[in-house]
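Structure, as structure tokens:
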Amino acid sequence: MIRFIGAGPGDPELLTIKGKKYIDQADIIIYAGSLVNPEVLKDAKKGANIYNSATMTLEEVIAIMEEGEKKGLQVVRVHTGDPAIFGAHREQMDRLDELGIAYEVIPGVSSFLATAAVLKKEYTLPGVSQTVILTRMEGRTPMPEGEKLRDLAKHKATMIIFLSIGMIEKMAMELALEYGEDTPVAVVYKATWDDQKIVRGTLKTIAKQVKDEKIKKTALTVVGDFLGDDYDLSCLYDKHFTHEFREGVQRP
């Protein structure tokens with residue numbers, strides 16, 4: 001059984017209990033070394049074979065998994081955040097299906113959730129935005145039809161942009177065409193790591209601020225009016241609102 005594990009955003013204490021259990025028991029650990037905090041592996045058992053996939057090809061990763069499975073060893077594949085978001089683990093699972101090797105996925109805390117936590121903000125504010133878009137800028141990896149940044153920005157929903165901080169000037173310009181240049185934006189570098197940085201600004205100012213902080217990678221950009229202070233209160237806790245568990249007070 002191969003186990004894909006979401007290692008969380010960086011803070012090793014944000015690794016799930018289940019994920020930590022399998023990492024600590026594993027005979028073979030393949031981890032995304034360019035993103036996963038090495039502290040996540042600090043309790044790996046003595047003698048475990050640890051591979052950094054940053055220097056490996058898909059074929060090499062699968063070969064190690066296959067060899068470990070044949071020997072009856074416990075193999076874990078450790079991804080940053082949650083592997084379902086820009087994790088490139090589908091192609092690995094498909095190869096394992098072809099080989100008849102069983103696997104399971106243990107979810108993790110995504111960096112976009114850690115970003116909301118360190119900003120102390122809620123992405124889905126009543127009266128502001130009830131939709132969250134997770135996306136990236138088009139670079140060497142093309143975007144599907146209708147998913148370019150400006151297409152998505154037309155919705156003016158809460159937007160979280162991965163893997164694109166190196167194109168911050170172009171990003172801010174394209175977003176400003178739809179959101180407006182005074183829309184609030186925040187950039188979080190390595191959320192929950194010891195060297196975390198938070199930059200807050202607007203689409204007009206953020207590119208210069210990010211460059212001044214010398215942030216070039218490993219950062220998320222979040223955009224939208226959820227970063228402001230104006231929103232409607234939730235109906236769920238409104239004393240006049242009736243729902244399954246509570247009778248609302250009649251309005252005078």
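The chains in the structure tokens are called A, B, ... from first to last as shown; in each chain the residues are counted from 1, and the ligands are counted from 1 in the order shown.
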
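Summary of the local environment: counting only C-alpha atoms, residues at most 10 Å from A:Ala172, other than itself and those fewer than 5 positions away along its chain, are Met167, Leu177, Tyr179, Gly180, Glu181, Val185, Thr202, Leu203, Lys204, Thr205, Ile206, Ala207, Thr221 and Val223 of chain A.
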
Those residues you just picked out, can you put them in a file as a PDB file, in the first residue's frame with C-alpha atoms?
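Saved as out.pdb:
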ATOM      1  CA  MET A 167       5.012  37.484 -12.391  1.00  0.00           C
ATOM      2  CA  LEU A 177      -8.514  45.633 -15.131  1.00  0.00           C
ATOM      3  CA  TYR A 179     -11.252  44.268  -9.796  1.00  0.00           C
ATOM      4  CA  GLY A 180     -10.023  47.873  -9.877  1.00  0.00           C
ATOM      5  CA  GLU A 181      -6.592  49.029  -8.747  1.00  0.00           C
ATOM      6  CA  VAL A 185      -4.480  42.225  -1.909  1.00  0.00           C
ATOM      7  CA  THR A 202      -3.676  47.092  -3.190  1.00  0.00           C
ATOM      8  CA  LEU A 203      -3.424  45.988  -6.775  1.00  0.00           C
ATOM      9  CA  LYS A 204      -1.847  49.386  -7.450  1.00  0.00           C
ATOM     10  CA  THR A 205       0.932  49.002  -4.870  1.00  0.00           C
ATOM     11  CA  ILE A 206       1.549  45.281  -4.343  1.00  0.00           C
ATOM     12  CA  ALA A 207       4.109  44.641  -7.110  1.00  0.00           C
ATOM     13  CA  THR A 221      -1.379  36.037  -3.595  1.00  0.00           C
ATOM     14  CA  VAL A 223      -7.220  39.182  -3.814  1.00  0.00           C
TER      15      VAL A 223
END

Name the residues in contact with A:Lys42 at a cut-off of 12 Å, using only C-alpha atoms, excluding same-chain residues fewer than 5 positions from it; report them as an NGL selection string.
:A and (12-13 or 20 or 23-25 or 29 or 36-37 or 48 or 50)

Since we have the selection now, will you write its residues out, keeping N, CA, C and O atoms, as a tab-separated table (two decimals), in the first residue's frame?
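Once everything was written out, this is again-v5.tsv:
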chain	number	residue	atom	x	y	z
A	12	PRO	N	5.39	22.00	11.13
A	12	PRO	CA	5.25	20.54	11.28
A	12	PRO	C	4.10	20.13	12.19
A	12	PRO	O	3.62	19.01	12.10
A	13	GLU	N	3.64	21.04	13.05
A	13	GLU	CA	2.52	20.71	13.92
A	13	GLU	C	1.19	20.75	13.17
A	13	GLU	O	0.15	20.35	13.72
A	20	LYS	N	1.36	11.91	10.10
A	20	LYS	CA	2.59	11.75	10.88
A	20	LYS	C	2.83	10.29	11.24
A	20	LYS	O	3.96	9.80	11.18
A	23	ILE	N	4.29	8.55	8.20
A	23	ILE	CA	5.64	9.02	7.90
A	23	ILE	C	6.64	8.41	8.88
A	23	ILE	O	7.70	7.92	8.50
A	24	ASP	N	6.28	8.43	10.15
A	24	ASP	CA	7.19	7.93	11.18
A	24	ASP	C	7.41	6.42	11.10
A	24	ASP	O	8.44	5.91	11.55
A	25	GLN	N	6.44	5.70	10.52
A	25	GLN	CA	6.56	4.24	10.40
A	25	GLN	C	7.19	3.79	9.09
A	25	GLN	O	7.56	2.63	8.94
A	29	ILE	N	10.55	6.94	2.20
A	29	ILE	CA	9.88	8.23	2.15
A	29	ILE	C	10.34	8.97	0.90
A	29	ILE	O	11.55	9.18	0.71
A	36	VAL	N	8.39	20.90	0.93
A	36	VAL	CA	8.05	20.30	2.23
A	36	VAL	C	9.11	20.66	3.27
A	36	VAL	O	10.31	20.54	3.03
A	37	ASN	N	8.66	21.11	4.43
A	37	ASN	CA	9.58	21.43	5.52
A	37	ASN	C	10.25	20.14	6.00
A	37	ASN	O	9.57	19.20	6.41
A	48	ALA	N	15.32	4.44	7.61
A	48	ALA	CA	14.38	4.71	6.51
A	48	ALA	C	15.14	5.31	5.33
A	48	ALA	O	16.04	6.14	5.50
A	50	ILE	N	15.21	7.83	2.44
A	50	ILE	CA	14.52	9.09	2.16
A	50	ILE	C	15.01	9.64	0.83
A	50	ILE	O	16.22	9.81	0.61

Selection: 10 Å around A:Met56, only C-alpha atoms, excl. self and same-chain fewer than 4 positions, as a PDB file with N, CA, C and O atoms, in the first residue's frame:
ATOM      1  N   ILE A  30       9.393   9.347   0.066  1.00  0.00           N
ATOM      2  CA  ILE A  30       9.688  10.188  -1.098  1.00  0.00           C
ATOM      3  C   ILE A  30       8.982  11.513  -0.853  1.00  0.00           C
ATOM      4  O   ILE A  30       7.760  11.555  -0.762  1.00  0.00           O
ATOM      5  N   ALA A  32       8.597  15.933  -1.491  1.00  0.00           N
ATOM      6  CA  ALA A  32       8.828  17.068  -2.381  1.00  0.00           C
ATOM      7  C   ALA A  32       9.749  18.060  -1.678  1.00  0.00           C
ATOM      8  O   ALA A  32       9.302  18.979  -0.991  1.00  0.00           O
ATOM      9  N   TYR A  51      14.052   9.941  -0.061  1.00  0.00           N
ATOM     10  CA  TYR A  51      14.358  10.447  -1.396  1.00  0.00           C
ATOM     11  C   TYR A  51      13.716  11.815  -1.591  1.00  0.00           C
ATOM     12  O   TYR A  51      12.541  12.009  -1.255  1.00  0.00           O
ATOM     13  N   ASN A  52      14.477  12.730  -2.154  1.00  0.00           N
ATOM     14  CA  ASN A  52      13.973  14.063  -2.471  1.00  0.00           C
ATOM     15  C   ASN A  52      13.517  14.079  -3.932  1.00  0.00           C
ATOM     16  O   ASN A  52      14.337  14.014  -4.848  1.00  0.00           O
ATOM     17  N   GLU A  60      11.281   7.650 -12.128  1.00  0.00           N
ATOM     18  CA  GLU A  60      12.130   7.279 -10.999  1.00  0.00           C
ATOM     19  C   GLU A  60      11.321   7.143  -9.709  1.00  0.00           C
ATOM     20  O   GLU A  60      11.556   6.232  -8.906  1.00  0.00           O
ATOM     21  N   VAL A  61      10.359   8.048  -9.524  1.00  0.00           N
ATOM     22  CA  VAL A  61       9.501   7.972  -8.337  1.00  0.00           C
ATOM     23  C   VAL A  61       8.708   6.667  -8.340  1.00  0.00           C
ATOM     24  O   VAL A  61       8.648   5.951  -7.333  1.00  0.00           O
TER      25      VAL A  61
END

Got a sec: who's within 10 Å of A:Val222, counting only C-alpha atoms, leaving out chain neighbours fewer than 6 positions off, as a count of residues only?
17

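Proximity to A:Ser110 at 8 Å, evaluated using only C-alpha atoms and with sequence-adjacent residues fewer than 4 positions away removed, yields Gly8, Pro9, Thr80, Gly81, Asp82, Ile85 and Ala114 of chain A.
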
Can you spit out the residues from that selection as a JSON list (two decimals), in the first residue's frame, using N, CA and C atoms?
[["chain", "number", "residue", "atom", "x", "y", "z"],
["A", 8, "GLY", "N", 0.97, 19.45, 4.85],
["A", 8, "GLY", "CA", 0.60, 20.73, 5.41],
["A", 8, "GLY", "C", 1.42, 21.87, 4.83],
["A", 9, "PRO", "N", 1.20, 23.10, 5.32],
["A", 9, "PRO", "CA", 1.80, 24.28, 4.70],
["A", 9, "PRO", "C", 3.24, 24.56, 5.11],
["A", 80, "THR", "N", 3.55, 18.67, -0.37],
["A", 80, "THR", "CA", 3.28, 19.86, 0.41],
["A", 80, "THR", "C", 1.78, 20.16, 0.46],
["A", 81, "GLY", "N", 1.34, 20.83, 1.52],
["A", 81, "GLY", "CA", -0.06, 21.23, 1.62],
["A", 81, "GLY", "C", -0.98, 20.03, 1.51],
["A", 82, "ASP", "N", -1.92, 20.12, 0.60],
["A", 82, "ASP", "CA", -2.76, 18.97, 0.25],
["A", 82, "ASP", "C", -2.45, 18.59, -1.19],
["A", 85, "ILE", "N", -4.22, 19.87, -4.69],
["A", 85, "ILE", "CA", -4.13, 21.22, -5.25],
["A", 85, "ILE", "C", -2.71, 21.44, -5.76],
["A", 114, "ALA", "N", -3.83, 27.93, 5.29],
["A", 114, "ALA", "CA", -2.87, 28.51, 6.23],
["A", 114, "ALA", "C", -2.75, 30.01, 6.01]]

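Between A:Thr141 and the candidates A:His79, A:Phe86, A:Asp212, A:Arg95, the tightest atom-to-atom separation, counting only C-alpha atoms, involves A:Phe86.
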
As a VMD selection string, list the residues of stretch 43-133 of chain A assigned to strand (DSSP E) by DSSP on the backbone atoms of this structure.
chain A and resid 49 to 52 75 to 79 103 to 106 132 to 133

Go ahead and write the selection's residues with N, CA and C atoms as a compact mmCIF listing (two decimals), in the first residue's frame.
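Wrote again-v2.txt, looks like this:
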# COMPACT_ATOMS: atom_id res chain seq x y z
N ASN A 49 14.79 4.89 4.14
CA ASN A 49 15.38 5.44 2.92
C ASN A 49 14.56 6.66 2.50
N ILE A 50 15.21 7.83 2.44
CA ILE A 50 14.52 9.09 2.16
C ILE A 50 15.01 9.64 0.83
N TYR A 51 14.05 9.94 -0.06
CA TYR A 51 14.36 10.45 -1.40
C TYR A 51 13.72 11.82 -1.59
N ASN A 52 14.48 12.73 -2.15
CA ASN A 52 13.97 14.06 -2.47
C ASN A 52 13.52 14.08 -3.93
N VAL A 75 5.72 2.43 2.11
CA VAL A 75 6.18 3.54 1.27
C VAL A 75 5.22 4.71 1.41
N VAL A 76 5.78 5.91 1.66
CA VAL A 76 4.95 7.11 1.70
C VAL A 76 5.48 8.12 0.70
N ARG A 77 4.55 8.82 0.09
CA ARG A 77 4.87 9.90 -0.85
C ARG A 77 4.36 11.19 -0.23
N VAL A 78 5.26 12.07 0.18
CA VAL A 78 4.90 13.25 0.95
C VAL A 78 4.87 14.49 0.06
N HIS A 79 3.68 15.08 -0.04
CA HIS A 79 3.49 16.30 -0.82
C HIS A 79 3.27 17.48 0.11
N TYR A 103 -3.16 2.06 -3.19
CA TYR A 103 -2.69 3.29 -2.54
C TYR A 103 -3.87 3.98 -1.86
N GLU A 104 -3.54 4.91 -0.99
CA GLU A 104 -4.56 5.77 -0.40
C GLU A 104 -3.99 7.18 -0.28
N VAL A 105 -4.88 8.15 -0.14
CA VAL A 105 -4.48 9.55 -0.02
C VAL A 105 -4.90 10.07 1.35
N ILE A 106 -3.94 10.65 2.06
CA ILE A 106 -4.23 11.25 3.37
C ILE A 106 -4.14 12.77 3.19
N VAL A 132 -14.75 31.06 -3.94
CA VAL A 132 -13.29 31.11 -3.85
C VAL A 132 -12.71 30.46 -5.11
N ILE A 133 -11.86 31.18 -5.79
CA ILE A 133 -11.20 30.66 -6.99
C ILE A 133 -9.74 30.39 -6.67

Residues flagged helix (DSSP H, G or I) by DSSP in stretch 124-230 of chain A, as number ranges by chain:
A: 149-153, 165-179, 206-212, 225-227

Can you pull out every residue within 10 Å of A:Lys208, counting only C-alpha atoms, but drop anything in the same chain fewer than 5 positions away, and send it as a VMD selection string?
chain A and resid 168 to 169 201 213 to 214

Can I get the selection written as a compact mmCIF listing (two decimals), in the first residue's frame, with N, CA, C and O atoms?
# COMPACT_ATOMS: atom_id res chain seq x y z
N ILE A 168 4.44 39.00 -10.57
CA ILE A 168 3.54 39.84 -9.79
C ILE A 168 3.11 41.11 -10.52
O ILE A 168 1.97 41.56 -10.40
N GLU A 169 3.99 41.72 -11.31
CA GLU A 169 3.63 42.95 -12.02
C GLU A 169 2.52 42.68 -13.04
O GLU A 169 1.52 43.40 -13.09
N GLY A 201 -1.42 45.23 0.62
CA GLY A 201 -1.47 46.44 -0.19
C GLY A 201 -2.71 46.45 -1.05
O GLY A 201 -3.74 45.87 -0.69
N GLU A 213 10.42 43.53 -0.71
CA GLU A 213 10.63 42.45 0.26
C GLU A 213 11.45 41.30 -0.30
O GLU A 213 11.72 40.32 0.38
N LYS A 214 11.78 41.41 -1.60
CA LYS A 214 12.60 40.39 -2.29
C LYS A 214 11.93 39.01 -2.26
O LYS A 214 12.60 37.98 -2.11

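Excluding A:Leu152 itself and same-chain residues fewer than 3 positions from it, the residues having an atom within 10 Å of it are Ile133, Leu134, Thr135, Gly146, Glu147, Lys148, Leu149, His155, Lys156, Ala157, Met159, Leu175 and Glu178 of chain A, counting only C-alpha atoms.
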
Write the residues you've just listed into a file as a CSV table (one decimal), in the first residue's frame, and include all heavy atoms for each of them.
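File again_19.csv, as written:
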chain,number,residue,atom,x,y,z
A,133,ILE,N,-11.9,31.2,-5.8
A,133,ILE,CA,-11.2,30.7,-7.0
A,133,ILE,C,-9.7,30.4,-6.7
A,133,ILE,O,-9.0,31.3,-6.2
A,133,ILE,CB,-11.3,31.7,-8.2
A,133,ILE,CG1,-12.8,31.9,-8.5
A,133,ILE,CG2,-10.5,31.2,-9.4
A,133,ILE,CD1,-13.0,33.0,-9.6
A,134,LEU,N,-9.3,29.2,-6.9
A,134,LEU,CA,-7.9,28.8,-6.7
A,134,LEU,C,-7.3,28.6,-8.1
A,134,LEU,O,-7.8,27.9,-9.0
A,134,LEU,CB,-7.7,27.4,-6.0
A,134,LEU,CG,-8.4,27.3,-4.7
A,134,LEU,CD1,-8.2,25.9,-4.1
A,134,LEU,CD2,-8.0,28.4,-3.7
A,135,THR,N,-6.3,29.4,-8.5
A,135,THR,CA,-5.8,29.4,-9.8
A,135,THR,C,-4.3,29.7,-9.8
A,135,THR,O,-3.6,29.8,-8.8
A,135,THR,CB,-6.6,30.3,-10.7
A,135,THR,OG1,-6.2,30.1,-12.1
A,135,THR,CG2,-6.4,31.8,-10.3
A,146,GLY,N,-10.8,29.8,-21.3
A,146,GLY,CA,-11.7,30.4,-20.3
A,146,GLY,C,-11.1,30.5,-18.9
A,146,GLY,O,-11.8,31.0,-18.0
A,147,GLU,N,-9.9,30.0,-18.7
A,147,GLU,CA,-9.3,30.1,-17.3
A,147,GLU,C,-8.1,31.0,-17.2
A,147,GLU,O,-7.4,30.9,-16.2
A,147,GLU,CB,-8.9,28.6,-16.9
A,147,GLU,CG,-10.1,27.7,-16.6
A,147,GLU,CD,-9.7,26.4,-16.0
A,147,GLU,OE1,-8.6,26.4,-15.4
A,147,GLU,OE2,-10.5,25.5,-16.1
A,148,LYS,N,-7.9,31.9,-18.1
A,148,LYS,CA,-6.9,32.9,-17.9
A,148,LYS,C,-7.3,33.8,-16.8
A,148,LYS,O,-8.4,34.0,-16.5
A,148,LYS,CB,-6.6,33.6,-19.3
A,148,LYS,CG,-6.0,32.6,-20.3
A,148,LYS,CD,-5.5,33.4,-21.5
A,148,LYS,CE,-4.8,32.4,-22.5
A,148,LYS,NZ,-4.3,33.0,-23.7
A,149,LEU,N,-6.3,34.5,-16.2
A,149,LEU,CA,-6.5,35.3,-15.0
A,149,LEU,C,-7.6,36.3,-15.2
A,149,LEU,O,-8.5,36.5,-14.4
A,149,LEU,CB,-5.2,35.9,-14.6
A,149,LEU,CG,-5.1,36.3,-13.1
A,149,LEU,CD1,-5.3,35.1,-12.2
A,149,LEU,CD2,-3.9,37.1,-12.8
A,155,HIS,N,-15.4,37.6,-12.4
A,155,HIS,CA,-16.3,37.3,-11.3
A,155,HIS,C,-16.2,38.1,-10.1
A,155,HIS,O,-17.1,38.2,-9.2
A,155,HIS,CB,-16.1,35.8,-11.0
A,155,HIS,CG,-16.4,34.9,-12.1
A,155,HIS,ND1,-17.7,34.6,-12.6
A,155,HIS,CD2,-15.5,34.1,-12.9
A,155,HIS,CE1,-17.6,33.7,-13.6
A,155,HIS,NE2,-16.3,33.4,-13.8
A,156,LYS,N,-15.0,38.7,-9.9
A,156,LYS,CA,-14.7,39.5,-8.7
A,156,LYS,C,-14.9,38.7,-7.4
A,156,LYS,O,-15.2,39.3,-6.3
A,156,LYS,CB,-15.5,40.8,-8.7
A,156,LYS,CG,-15.2,41.7,-9.9
A,156,LYS,CD,-15.9,43.1,-9.8
A,156,LYS,CE,-15.4,43.9,-10.9
A,156,LYS,NZ,-16.1,45.3,-10.9
A,157,ALA,N,-14.7,37.4,-7.5
A,157,ALA,CA,-14.8,36.6,-6.3
A,157,ALA,C,-13.5,36.6,-5.6
A,157,ALA,O,-12.5,37.2,-6.0
A,157,ALA,CB,-15.1,35.1,-6.7
A,159,MET,N,-10.0,35.4,-4.8
A,159,MET,CA,-9.1,34.7,-5.6
A,159,MET,C,-7.8,34.4,-4.9
A,159,MET,O,-7.2,35.3,-4.3
A,159,MET,CB,-8.9,35.4,-6.9
A,159,MET,CG,-8.1,34.6,-8.0
A,159,MET,SD,-7.7,35.4,-9.5
A,159,MET,CE,-9.4,35.6,-10.2
A,175,LEU,N,-5.3,41.8,-13.0
A,175,LEU,CA,-6.4,41.7,-12.0
A,175,LEU,C,-7.1,43.1,-11.9
A,175,LEU,O,-8.3,43.2,-11.7
A,175,LEU,CB,-5.9,41.3,-10.7
A,175,LEU,CG,-5.4,39.8,-10.6
A,175,LEU,CD1,-4.7,39.6,-9.3
A,175,LEU,CD2,-6.6,38.9,-10.7
A,178,GLU,N,-10.1,44.2,-13.9
A,178,GLU,CA,-11.5,43.8,-13.6
A,178,GLU,C,-11.9,44.2,-12.1
A,178,GLU,O,-12.9,44.6,-11.9
A,178,GLU,CB,-11.6,42.2,-13.7
A,178,GLU,CG,-11.3,41.8,-15.2
A,178,GLU,CD,-12.3,42.3,-16.2
A,178,GLU,OE1,-13.4,42.7,-15.8
A,178,GLU,OE2,-11.9,42.3,-17.4

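Of the residues listed (A:Gly139, A:Gly228, A:Pro83, A:Pro144), A:Gly139 shows the shortest atom-to-atom separation from A:Met171; distances use only C-alpha atoms.
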
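Pairwise distance (atom CA of A:Lys18, atom CA of A:Glu66) equals 22.9 Å.
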